[in-house]
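Novice: Sharing target_8.cif here; it has mmCIF, C-alpha atoms.
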```cif
data_work
#
loop_
_atom_site.label_atom_id
_atom_site.label_comp_id
_atom_site.auth_asym_id
_atom_site.auth_seq_id
_atom_site.Cartn_x
_atom_site.Cartn_y
_atom_site.Cartn_z
CA MET A 1 33.81 4.25 27.96
CA THR A 2 32.68 6.21 24.93
CA ALA A 3 29.65 5.53 22.76
CA GLU A 4 31.47 4.57 19.57
CA ALA A 5 29.85 2.74 16.69
CA PRO A 6 30.36 -1.02 16.76
CA THR A 7 32.51 -2.74 14.19
CA ALA A 8 29.49 -4.23 12.40
CA PRO A 9 29.11 -2.85 8.89
CA ALA A 10 26.39 -0.43 7.99
CA VAL A 11 23.64 -1.63 5.70
CA PRO A 12 24.91 -1.73 2.09
CA ASP A 13 22.68 1.10 0.88
CA GLY A 14 23.67 3.17 3.93
CA SER A 15 20.09 3.97 4.85
CA TYR A 16 19.76 2.88 8.49
CA GLY A 17 20.73 0.26 11.04
CA ARG A 18 23.48 -2.34 11.05
CA LEU A 19 24.03 -5.60 9.19
CA ILE A 20 25.31 -8.30 11.55
CA PRO A 21 26.73 -11.54 10.08
CA VAL A 22 25.22 -14.82 11.34
CA THR A 23 25.79 -18.45 10.42
CA VAL A 24 23.11 -21.05 9.78
CA HIS A 25 24.36 -24.55 10.61
CA PHE A 26 23.11 -27.86 9.24
CA ASP A 27 21.46 -28.71 12.58
CA ASP A 28 19.43 -25.45 12.40
CA LEU A 29 17.46 -26.97 9.51
CA ASP A 30 14.22 -28.86 10.06
CA SER A 31 13.23 -32.25 8.62
CA LEU A 32 12.29 -30.56 5.33
CA GLY A 33 15.76 -29.03 5.01
CA MET A 34 14.63 -25.47 5.83
CA LEU A 35 15.71 -23.19 8.66
CA HIS A 36 13.40 -24.09 11.54
CA ASN A 37 10.97 -21.28 12.36
CA ALA A 38 12.18 -21.12 15.99
CA ARG A 39 15.77 -20.53 14.88
CA TYR A 40 15.05 -17.15 13.29
CA PRO A 41 14.39 -15.39 16.65
CA LEU A 42 17.42 -17.13 18.16
CA LEU A 43 19.72 -15.91 15.38
CA VAL A 44 18.23 -12.41 15.63
CA GLU A 45 18.85 -12.43 19.41
CA ARG A 46 22.47 -13.45 18.87
CA ALA A 47 22.94 -10.65 16.34
CA TRP A 48 21.33 -8.13 18.72
CA ASN A 49 23.67 -9.20 21.53
CA GLU A 50 26.71 -8.97 19.26
CA LEU A 51 25.69 -5.46 18.21
CA TRP A 52 25.38 -4.25 21.81
CA HIS A 53 28.59 -6.00 22.85
CA GLY A 54 30.26 -3.82 20.22
CA TYR A 55 29.09 -0.81 22.22
CA GLY A 56 30.44 -2.35 25.45
CA PHE A 57 27.16 -3.62 26.92
CA THR A 58 27.46 -7.15 28.32
CA PHE A 59 25.87 -9.58 30.73
CA GLU A 60 28.26 -11.58 32.88
CA GLY A 61 25.87 -13.33 35.23
CA ASP A 62 25.02 -10.46 37.60
CA TRP A 63 21.67 -8.83 36.86
CA ALA A 64 22.36 -5.91 39.19
CA ALA A 65 25.55 -5.13 37.26
CA ALA A 66 23.93 -5.82 33.87
CA GLY A 67 22.34 -2.39 33.70
CA ASP A 68 20.63 -1.95 30.36
CA PHE A 69 21.02 -5.65 29.59
CA CYS A 70 18.48 -6.35 32.34
CA ASN A 71 15.49 -6.31 30.01
CA VAL A 72 12.67 -8.57 28.90
CA VAL A 73 10.79 -9.19 25.68
CA ARG A 74 7.28 -7.79 25.73
CA GLU A 75 6.36 -8.65 22.16
CA LEU A 76 7.81 -10.46 19.17
CA VAL A 77 6.31 -10.32 15.68
CA ILE A 78 7.88 -12.18 12.78
CA GLY A 79 6.82 -12.88 9.23
CA TYR A 80 8.50 -15.42 7.00
CA GLU A 81 8.97 -14.37 3.38
CA ALA A 82 11.20 -17.00 1.76
CA PRO A 83 12.73 -20.26 2.98
CA VAL A 84 16.35 -20.55 4.02
CA ASP A 85 17.16 -23.97 2.62
CA ARG A 86 20.88 -24.36 3.20
CA PRO A 87 23.50 -23.73 5.85
CA GLY A 88 25.96 -20.90 5.40
CA ALA A 89 26.59 -17.20 5.86
CA TYR A 90 23.61 -14.89 6.30
CA ALA A 91 23.00 -11.60 8.10
CA VAL A 92 20.54 -9.84 10.35
CA HIS A 93 19.73 -6.21 9.60
CA LEU A 94 18.92 -4.45 12.88
CA TRP A 95 17.56 -0.97 13.64
CA LEU A 96 15.45 0.86 16.21
CA ASP A 97 11.96 2.01 15.29
CA ARG A 98 11.27 3.58 18.69
CA LEU A 99 13.30 4.46 21.76
CA GLY A 100 11.09 5.26 24.75
CA THR A 101 11.90 5.97 28.37
CA THR A 102 11.75 2.35 29.57
CA GLY A 103 11.13 0.42 26.35
CA LEU A 104 12.18 0.21 22.75
CA THR A 105 11.01 -1.37 19.55
CA TYR A 106 13.56 -2.72 17.16
CA GLY A 107 13.05 -3.94 13.65
CA PHE A 108 14.93 -6.73 11.97
CA ARG A 109 15.35 -8.52 8.68
CA PHE A 110 16.89 -11.97 8.39
CA CYS A 111 18.65 -11.69 5.05
CA SER A 112 21.40 -12.81 2.73
CA ALA A 113 24.94 -11.95 3.81
CA ASP A 114 24.95 -8.91 1.51
CA GLY A 115 21.54 -7.72 2.73
CA GLY A 116 19.99 -8.06 -0.72
CA THR A 117 17.50 -10.89 -0.11
CA THR A 118 15.02 -10.87 2.79
CA TYR A 119 13.92 -14.21 4.26
CA ALA A 120 12.04 -12.94 7.32
CA ARG A 121 11.28 -9.64 8.98
CA GLY A 122 9.76 -8.48 12.22
CA THR A 123 9.80 -6.34 15.30
CA ARG A 124 10.56 -6.93 18.94
CA VAL A 125 9.63 -4.81 21.95
CA LEU A 126 11.99 -4.78 24.95
CA VAL A 127 11.39 -3.30 28.40
CA ARG A 128 14.32 -2.30 30.62
CA LEU A 129 13.93 -3.61 34.19
CA ASP A 130 15.34 -2.63 37.55
CA ALA A 131 17.21 -5.74 38.73
CA GLY A 132 16.00 -5.35 42.31
CA THR A 133 12.30 -4.72 41.75
CA LEU A 134 11.81 -6.21 38.27
CA ARG A 135 9.79 -3.11 37.43
CA PRO A 136 10.35 -0.96 34.32
CA THR A 137 13.12 1.59 34.65
CA SER A 138 14.79 4.09 32.35
CA TRP A 139 17.53 3.28 29.87
CA SER A 140 20.86 4.78 30.87
CA ASP A 141 22.13 7.93 29.17
CA ARG A 142 25.01 5.93 27.68
CA PHE A 143 22.62 3.36 26.20
CA ARG A 144 20.41 6.11 24.79
CA ALA A 145 23.41 7.80 23.17
CA CYS A 146 24.43 4.56 21.46
CA ALA A 147 20.85 3.77 20.44
CA GLN A 148 20.45 7.10 18.64
CA ALA A 149 22.70 5.84 15.84
CA LEU A 150 20.33 2.92 15.24
CA LEU A 151 17.09 4.90 15.02
CA ARG A 152 15.31 4.63 11.70
CA SER A 153 14.01 7.98 10.58
CA ALA A 154 10.27 8.29 10.00
CA ASP A 155 9.62 7.95 6.28
#
```
Can I see the file as structure tokens?

Specialist:
Amino acid sequence: MTAEAPTAPAVPDGSYGRLIPVTVHFDDLDSLGMLHNARYPLLVERAWNELWHGYGFTFEGDWAAAGDFCNVVRELVIGYEAPVDRPGAYAVHLWLDRLGTTGLTYGFRFCSADGGTTYARGTRVLVRLDAGTLRPTSWSDRFRACAQALLRSAD
């Protein structure tokens, strides 16, 4: 399998990362009619999984066979900037800030479908685990090759 770019569109300004479409449903809204704060990380996780599925990385119930998908969240930071107050089409802008030997930090923006309006932004740190020992282990060469396309250059 080759490390080809997924079908998700690049960010409109072409700067870095990928823009992954997501849908907010009526039942994602809280009693005030706004996207519930716990739904943002869930929608970001779904976008992240869709992005990696585009590269051929999947989890099908076997952690030993999951390879790079055998990972855990070490840290999640999110800030809310504007309320999402209706169901519909939105997007998650994803990129990598850091790719280490056993961990990575990715950035995200929950935004309008065209990427123009930001509703929330944050970072998430993942650690790759060995399925047998549950200890940190290195990302595969294939994963690292795919991840290079997502790295945000230092400004």

Novice: Using the chain letters and numbers from the file, which residues does the PyMOL selection byres ((chain A and resi 25-35) around 7) grab, as a PyMOL selection string?

Specialist: chain A and resi 23-24+36-37+39+83-88

Novice: Identify all residues satisfying the PyMOL selection byres ((chain A and resi 41-44) around 12) in the given file; provide them as a VMD selection string.

Specialist: chain A and resid 19 to 25 28 35 to 40 45 to 51 73 75 to 80 89 to 95 106 to 111 120 to 124

Novice: Kindly resolve the PyMOL selection byres ((chain A and resi 150-153) around 8) on the present coordinates and return the residues as a compact mmCIF listing (two decimals) with C-alpha atoms, in the coordinates of the input.

Specialist:
```txt
# COMPACT_ATOMS: atom_id res chain seq x y z
CA TYR A 16 19.76 2.88 8.49
CA GLY A 17 20.73 0.26 11.04
CA ARG A 18 23.48 -2.34 11.05
CA LEU A 94 18.92 -4.45 12.88
CA TRP A 95 17.56 -0.97 13.64
CA LEU A 96 15.45 0.86 16.21
CA ASP A 97 11.96 2.01 15.29
CA ARG A 98 11.27 3.58 18.69
CA LEU A 99 13.30 4.46 21.76
CA CYS A 146 24.43 4.56 21.46
CA ALA A 147 20.85 3.77 20.44
CA GLN A 148 20.45 7.10 18.64
CA ALA A 149 22.70 5.84 15.84
CA ALA A 154 10.27 8.29 10.00
CA ASP A 155 9.62 7.95 6.28
```

Novice: Using all atoms listed in the file, which of A:Ala145, A:Trp139, A:Trp52, A:Asp114 sits nearest Asp68 in chain A?

Specialist: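 When distances to Asp68 in chain A are compared using all atoms listed in the file, the smallest one comes from A:Trp139.
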
Novice: Could you name the residues that touch Ala131 in chain A at 9 Å or less, counting only C-alpha atoms, but leaving out those on the same chain fewer than 6 positions away, as a list in words?

Specialist: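 Counting only the stated atoms, we get Trp63, Ala64, Ala65, Ala66, Gly67, Cys70 and Asn71 of chain A.
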
Novice: For CA of Leu104 in chain A and CA of Ser140 in chain A, quote the distance in Å rounded to one decimal.

Specialist: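 Calculated distance between CA of Leu104 in chain A and CA of Ser140 in chain A is 12.7 Å.
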
Novice: Measure the distance from CA of Gly56 in chain A to CA of Thr118 in chain A in Å and round it to one decimal.

Specialist: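 According to the coordinates, CA of Gly56 in chain A and CA of Thr118 in chain A are separated by 28.7 Å.
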
Novice: Taking all atoms of range 92-111 of chain A that appear in the file, build a box with edges along x, y and z, extend it by 6 Å on every side, and state its centre and edge lengths in Å to one decimal, as AutoDock Vina command-line options.

Specialist:
```
--center_x 15.8 --center_y -3.0 --center_z 17.3 --size_x 21.5 --size_y 29.9 --size_z 36.5
```

Novice: So how many Å separate CA of Arg74 in chain A and CA of Leu126 in chain A, to one decimal?

Specialist: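 If I compute the distance from CA of Arg74 in chain A to CA of Leu126 in chain A, I get 5.6 Å.
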
Novice: For His53 in chain A, which residue out of A:Asp130, A:Ser112, A:Phe69, A:Thr105 is the nearest one, using only C-alpha atoms?

Specialist: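 Closest to His53 in chain A, using only C-alpha atoms: A:Phe69.
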
Novice: Write out all heavy atoms for range 17-28 of chain A, as a tab-separated table (two decimals), in the coordinates of the input.

Specialist:
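Output file part.tsv follows:
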```
chain	number	residue	atom	x	y	z
A	17	GLY	N	20.46	1.50	10.34
A	17	GLY	CA	20.73	0.26	11.04
A	17	GLY	C	22.09	-0.35	10.76
A	17	GLY	O	22.99	0.30	10.20
A	18	ARG	N	22.24	-1.59	11.19
A	18	ARG	CA	23.48	-2.34	11.05
A	18	ARG	C	23.18	-3.72	10.51
A	18	ARG	O	22.14	-4.30	10.81
A	18	ARG	CB	24.19	-2.49	12.39
A	18	ARG	CG	24.71	-1.19	12.96
A	18	ARG	CD	25.92	-0.77	12.20
A	18	ARG	NE	26.44	0.46	12.76
A	18	ARG	CZ	27.29	1.23	12.13
A	18	ARG	NH1	27.73	0.91	10.94
A	18	ARG	NH2	27.72	2.33	12.68
A	19	LEU	N	24.11	-4.25	9.75
A	19	LEU	CA	24.03	-5.60	9.19
A	19	LEU	C	25.01	-6.47	9.96
A	19	LEU	O	26.22	-6.24	9.91
A	19	LEU	CB	24.39	-5.54	7.71
A	19	LEU	CG	23.96	-6.70	6.83
A	19	LEU	CD1	22.45	-6.87	6.82
A	19	LEU	CD2	24.47	-6.47	5.42
A	20	ILE	N	24.49	-7.45	10.70
A	20	ILE	CA	25.31	-8.30	11.55
A	20	ILE	C	25.40	-9.70	10.94
A	20	ILE	O	24.37	-10.35	10.73
A	20	ILE	CB	24.71	-8.41	12.97
A	20	ILE	CG1	24.42	-7.04	13.57
A	20	ILE	CG2	25.61	-9.25	13.88
A	20	ILE	CD1	25.62	-6.18	13.81
A	21	PRO	N	26.60	-10.19	10.64
A	21	PRO	CA	26.73	-11.54	10.08
A	21	PRO	C	26.28	-12.62	11.07
A	21	PRO	O	26.54	-12.51	12.27
A	21	PRO	CB	28.23	-11.67	9.80
A	21	PRO	CG	28.77	-10.28	9.84
A	21	PRO	CD	27.88	-9.50	10.76
A	22	VAL	N	25.60	-13.64	10.56
A	22	VAL	CA	25.22	-14.82	11.34
A	22	VAL	C	25.47	-16.05	10.49
A	22	VAL	O	25.55	-15.96	9.26
A	22	VAL	CB	23.74	-14.79	11.81
A	22	VAL	CG1	23.48	-13.64	12.78
A	22	VAL	CG2	22.79	-14.73	10.64
A	23	THR	N	25.57	-17.20	11.13
A	23	THR	CA	25.79	-18.45	10.42
A	23	THR	C	24.65	-19.41	10.71
A	23	THR	O	24.28	-19.62	11.87
A	23	THR	CB	27.12	-19.10	10.86
A	23	THR	OG1	28.18	-18.18	10.59
A	23	THR	CG2	27.37	-20.40	10.12
A	24	VAL	N	24.09	-19.99	9.66
A	24	VAL	CA	23.11	-21.05	9.78
A	24	VAL	C	23.87	-22.37	9.63
A	24	VAL	O	24.60	-22.56	8.66
A	24	VAL	CB	22.01	-20.93	8.70
A	24	VAL	CG1	21.11	-22.16	8.69
A	24	VAL	CG2	21.19	-19.67	8.91
A	25	HIS	N	23.71	-23.24	10.62
A	25	HIS	CA	24.36	-24.55	10.61
A	25	HIS	C	23.39	-25.62	10.15
A	25	HIS	O	22.17	-25.44	10.21
A	25	HIS	CB	24.89	-24.88	12.02
A	25	HIS	CG	25.91	-23.90	12.49
A	25	HIS	ND1	27.23	-23.97	12.14
A	25	HIS	CD2	25.79	-22.80	13.28
A	25	HIS	CE1	27.89	-22.96	12.70
A	25	HIS	NE2	27.04	-22.24	13.39
A	26	PHE	N	23.93	-26.75	9.72
A	26	PHE	CA	23.11	-27.86	9.24
A	26	PHE	C	22.05	-28.26	10.27
A	26	PHE	O	20.90	-28.52	9.92
A	26	PHE	CB	24.01	-29.06	8.90
A	26	PHE	CG	23.22	-30.26	8.47
A	26	PHE	CD1	22.68	-30.33	7.20
A	26	PHE	CD2	23.01	-31.32	9.35
A	26	PHE	CE1	21.94	-31.44	6.80
A	26	PHE	CE2	22.27	-32.42	8.95
A	26	PHE	CZ	21.74	-32.48	7.68
A	27	ASP	N	22.43	-28.28	11.57
A	27	ASP	CA	21.46	-28.71	12.58
A	27	ASP	C	20.42	-27.64	12.92
A	27	ASP	O	19.54	-27.86	13.74
A	27	ASP	CB	22.17	-29.21	13.85
A	27	ASP	CG	23.03	-28.18	14.52
A	27	ASP	OD1	23.21	-27.07	13.97
A	27	ASP	OD2	23.54	-28.47	15.62
A	28	ASP	N	20.48	-26.47	12.28
A	28	ASP	CA	19.43	-25.45	12.40
A	28	ASP	C	18.27	-25.75	11.46
A	28	ASP	O	17.20	-25.14	11.57
A	28	ASP	CB	19.98	-24.06	12.07
A	28	ASP	CG	20.96	-23.54	13.10
A	28	ASP	OD1	20.76	-23.80	14.30
A	28	ASP	OD2	21.93	-22.88	12.69
```
